[in-house]
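Student: What follows is a single structure, and I will ask about it in a moment.
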Amino acid sequence: MKYLEKLKDYNEWKKNNEDFSFFDYLPIKLTIEQLLLASQLFLPEISIEENCVFIKQSRQYKFLHKYKNQFKEKSSLEKYINCFFLECIFQCETDNDKQNVKMLAEVIKTAWEAYFYKNYPEFQMRVEIYEDEFDGWCITCFTNIS
């Protein structure tokens, strides 16, 4: 896990706990409920409507029917609905926070690619990370077929 050495809080703890691993660190910081909630970032609940794939947990999903006719291409609609503005979710205040969010986006991208490939191969899902001028690091996905 190449990004562990970049995590400030974890590494401060690790200096004083060399004989322990991140498995020992996790229960200090997180409850099982928090981990299960966070798992939704990596294994999202999907809704398939009119041959489109949507992530139900996205903030935009509840407005799906409002936006359906505003996009000419279904992939554009999916990109919009499935977008997660990670810096807004995690309130980034420092450059270190922004770097951590970028690393998180890369981890989510890897998880989504494997998840979609295994569970929805017929949709050939694409996952993209981008940095929005106003909202910072974002991740989205869309079908790669017509």
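Ordering of the structure tokens sets the chain letters (A, B, ...), residue numbers begin anew at 1 in every chain, and ligands are numbered from 1 in the order given.
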With only C-alpha atoms counted and 9 Å as the cut-off, give the residues of stretch 16-69 of chain A in contact with stretch 121-125 of chain A, each with its shortest interatomic distance in Å and the pair that gives it, as a tab-separated table.
Tutor:
```
residue	atom	partner	partner_atom	distance
A:Asn51	CA	A:Phe123	CA	8.5
A:Cys52	CA	A:Phe123	CA	8.4
A:Val53	CA	A:Phe123	CA	8.0
```
Student: Store the residues picked out above, limited to C-alpha atoms, as an mmCIF file, in the first residue's frame.
Tutor:
```cif
data_model
loop_
_atom_site.group_PDB
_atom_site.id
_atom_site.type_symbol
_atom_site.label_atom_id
_atom_site.label_comp_id
_atom_site.auth_asym_id
_atom_site.auth_seq_id
_atom_site.Cartn_x
_atom_site.Cartn_y
_atom_site.Cartn_z
ATOM 1 C CA ASN A 51 -29.676 0.901 -19.968
ATOM 2 C CA CYS A 52 -27.846 3.467 -17.816
ATOM 3 C CA VAL A 53 -25.919 2.777 -14.623
#
```
Student: Can you check which residues of stretch 1-145 of chain A DSSP gives as helix (DSSP H, G or I) on the backbone and send them as a count of residues only?
Tutor: 82
Student: Leaving out A:Ile46 and any residue of its chain fewer than 4 positions from it, which residues lie within 8 Å of it when counting only C-alpha atoms, given as an NGL selection string?
Tutor: :A and (53-56)
Student: Considering only C-alpha atoms, can you say which of A:Asp24, A:Gln57, A:Asn96, A:Val107 comes closest to A:Gln40?
Tutor: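 Looking at the shortest contact to A:Gln40, the residue is A:Gln57.
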Student: I'd like the contact shell of A:Val127 - 9 Å cut-off, only C-alpha atoms, skipping same-chain residues fewer than 3 positions apart - returned as a list in words.
Tutor: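 Surrounding residues, per the criterion: Lys109, Thr110, Trp112, Glu113, Ile139, Thr140, Cys141, Phe142 and Thr143 of chain A.
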Student: Write a file of the selected residues as a compact mmCIF listing (two decimals), in the first residue's frame, keeping N, CA and C atoms.
Tutor:
```
# COMPACT_ATOMS: atom_id res chain seq x y z
N LYS A 109 -11.17 4.62 -7.52
CA LYS A 109 -11.16 4.29 -8.95
C LYS A 109 -10.80 2.82 -9.16
N THR A 110 -9.77 2.37 -8.49
CA THR A 110 -9.36 0.96 -8.59
C THR A 110 -10.48 0.03 -8.12
N TRP A 112 -13.77 0.70 -7.93
CA TRP A 112 -14.91 0.76 -8.85
C TRP A 112 -14.64 -0.02 -10.12
N GLU A 113 -13.44 0.11 -10.66
CA GLU A 113 -13.13 -0.63 -11.89
C GLU A 113 -13.28 -2.13 -11.68
N ILE A 139 -14.68 12.17 -8.63
CA ILE A 139 -14.63 10.87 -9.30
C ILE A 139 -16.02 10.59 -9.85
N THR A 140 -16.06 10.01 -11.03
CA THR A 140 -17.33 9.67 -11.65
C THR A 140 -17.16 8.42 -12.50
N CYS A 141 -18.28 7.90 -12.96
CA CYS A 141 -18.24 6.72 -13.84
C CYS A 141 -19.39 6.79 -14.84
N PHE A 142 -19.22 6.08 -15.94
CA PHE A 142 -20.23 6.06 -16.98
C PHE A 142 -20.03 4.83 -17.85
N THR A 143 -21.08 4.46 -18.56
CA THR A 143 -20.98 3.31 -19.45
C THR A 143 -20.17 3.70 -20.67
```
Student: Please determine, counting only C-alpha atoms, which residue among A:Gln70, A:Asn17, A:Ser76, A:Asn82 has the shortest atom-to-atom distance to A:Ser47.
Tutor: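 Among the listed residues, A:Asn82 lies closest to A:Ser47.
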Student: Which of these residues is nearest to A:Phe134, using only C-alpha atoms: A:Lys72, A:Lys2, A:Leu86, A:Ile48?
Tutor: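 Nearest to A:Phe134: A:Leu86.
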Student: Give the strand (DSSP E) residues of stretch 7-103 of chain A, as assigned by DSSP on the backbone, as a list in words.
Tutor: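 Matching residues, listed in order: Ile46, Ser47, Ile48, Glu49, Cys52, Val53, Phe54, Ile55, Phe84 and Phe85 of chain A.
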Student: Closest to A:Leu77 among A:Trp137, A:Phe90, A:Phe63, A:Phe20, using only C-alpha atoms?
Tutor: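 Closest residue, counting only C-alpha atoms: A:Phe63.
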Student: Just the number, please: distance in Å from atom CA of A:Glu73 to atom CA of A:Gln60, one decimal.
Tutor: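 A separation of 17.0 Å between them.
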Student: What does the distance between atom CA of A:Ser75 and atom CA of A:Tyr130 come to in Å, to one decimal place?
Tutor: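 Atom CA of A:Tyr130 lies 16.1 Å from atom CA of A:Ser75.
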Student: Just the number, please: distance in Å from atom CA of A:Leu41 to atom CA of A:Ala111, one decimal.
Tutor: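 We find that atom CA of A:Leu41 and atom CA of A:Ala111 lie 9.0 Å from each other.
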Student: Hey, which bits of stretch 70-112 of chain A sit within 10 Å of stretch 3-10 of chain A, and for each residue what's the closest pair of atoms and how far apart in Å (one decimal), counting only C-alpha atoms, rows by chain and increasing number, as a Markdown table?
Tutor:
```
| residue | atom | partner | partner_atom | distance |
| --- | --- | --- | --- | --- |
| A:Asn96 | CA | A:Lys8 | CA | 8.5 |
| A:Asp97 | CA | A:Leu7 | CA | 9.7 |
| A:Gln99 | CA | A:Lys6 | CA | 9.0 |
| A:Asn100 | CA | A:Leu7 | CA | 7.5 |
| A:Met103 | CA | A:Tyr3 | CA | 7.2 |
| A:Leu104 | CA | A:Tyr3 | CA | 9.3 |
| A:Val107 | CA | A:Tyr3 | CA | 9.6 |
```
Student: Would you export the selected residues with all heavy atoms as an mmCIF file, in the first residue's frame, please?
Tutor:
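Written file, result07.cif:
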```cif
data_model
loop_
_atom_site.group_PDB
_atom_site.id
_atom_site.type_symbol
_atom_site.label_atom_id
_atom_site.label_comp_id
_atom_site.auth_asym_id
_atom_site.auth_seq_id
_atom_site.Cartn_x
_atom_site.Cartn_y
_atom_site.Cartn_z
ATOM 1 N N ASN A 96 -2.098 18.994 2.243
ATOM 2 C CA ASN A 96 -2.014 17.588 2.634
ATOM 3 C C ASN A 96 -3.392 16.926 2.520
ATOM 4 O O ASN A 96 -3.500 15.793 2.049
ATOM 5 C CB ASN A 96 -1.461 17.453 4.058
ATOM 6 C CG ASN A 96 -1.159 16.022 4.411
ATOM 7 O OD1 ASN A 96 -0.421 15.336 3.717
ATOM 8 N ND2 ASN A 96 -1.742 15.551 5.507
ATOM 9 N N ASP A 97 -4.447 17.623 2.941
ATOM 10 C CA ASP A 97 -5.807 17.096 2.803
ATOM 11 C C ASP A 97 -6.130 16.832 1.338
ATOM 12 O O ASP A 97 -6.689 15.796 0.986
ATOM 13 C CB ASP A 97 -6.842 18.084 3.353
ATOM 14 C CG ASP A 97 -6.791 18.262 4.852
ATOM 15 O OD1 ASP A 97 -6.231 17.396 5.546
ATOM 16 O OD2 ASP A 97 -7.325 19.287 5.326
ATOM 17 N N GLN A 99 -4.043 16.250 -1.121
ATOM 18 C CA GLN A 99 -3.264 15.106 -1.594
ATOM 19 C C GLN A 99 -3.897 13.793 -1.119
ATOM 20 O O GLN A 99 -3.948 12.823 -1.860
ATOM 21 C CB GLN A 99 -1.816 15.202 -1.122
ATOM 22 C CG GLN A 99 -0.975 16.129 -1.965
ATOM 23 C CD GLN A 99 -0.967 15.719 -3.430
ATOM 24 O OE1 GLN A 99 -1.559 16.393 -4.258
ATOM 25 N NE2 GLN A 99 -0.334 14.624 -3.771
ATOM 26 N N ASN A 100 -4.368 13.780 0.114
ATOM 27 C CA ASN A 100 -5.028 12.582 0.638
ATOM 28 C C ASN A 100 -6.311 12.281 -0.129
ATOM 29 O O ASN A 100 -6.609 11.124 -0.418
ATOM 30 C CB ASN A 100 -5.321 12.728 2.133
ATOM 31 C CG ASN A 100 -4.076 12.586 2.985
ATOM 32 O OD1 ASN A 100 -3.032 12.123 2.528
ATOM 33 N ND2 ASN A 100 -4.175 13.006 4.223
ATOM 34 N N MET A 103 -5.381 10.732 -3.396
ATOM 35 C CA MET A 103 -5.029 9.311 -3.195
ATOM 36 C C MET A 103 -6.292 8.483 -2.980
ATOM 37 O O MET A 103 -6.409 7.371 -3.515
ATOM 38 C CB MET A 103 -4.078 9.154 -2.006
ATOM 39 C CG MET A 103 -2.664 9.624 -2.295
ATOM 40 S SD MET A 103 -1.469 9.234 -0.989
ATOM 41 C CE MET A 103 -2.078 10.205 0.386
ATOM 42 N N LEU A 104 -7.240 9.020 -2.208
ATOM 43 C CA LEU A 104 -8.507 8.310 -1.991
ATOM 44 C C LEU A 104 -9.230 8.111 -3.317
ATOM 45 O O LEU A 104 -9.765 7.024 -3.582
ATOM 46 C CB LEU A 104 -9.384 9.076 -1.002
ATOM 47 C CG LEU A 104 -10.775 8.489 -0.772
ATOM 48 C CD1 LEU A 104 -10.678 7.086 -0.175
ATOM 49 C CD2 LEU A 104 -11.595 9.413 0.119
ATOM 50 N N VAL A 107 -7.776 5.210 -5.089
ATOM 51 C CA VAL A 107 -8.184 3.938 -4.478
ATOM 52 C C VAL A 107 -9.618 3.605 -4.878
ATOM 53 O O VAL A 107 -9.925 2.465 -5.246
ATOM 54 C CB VAL A 107 -8.034 3.986 -2.935
ATOM 55 C CG1 VAL A 107 -8.642 2.756 -2.286
ATOM 56 C CG2 VAL A 107 -6.567 4.123 -2.544
#
```
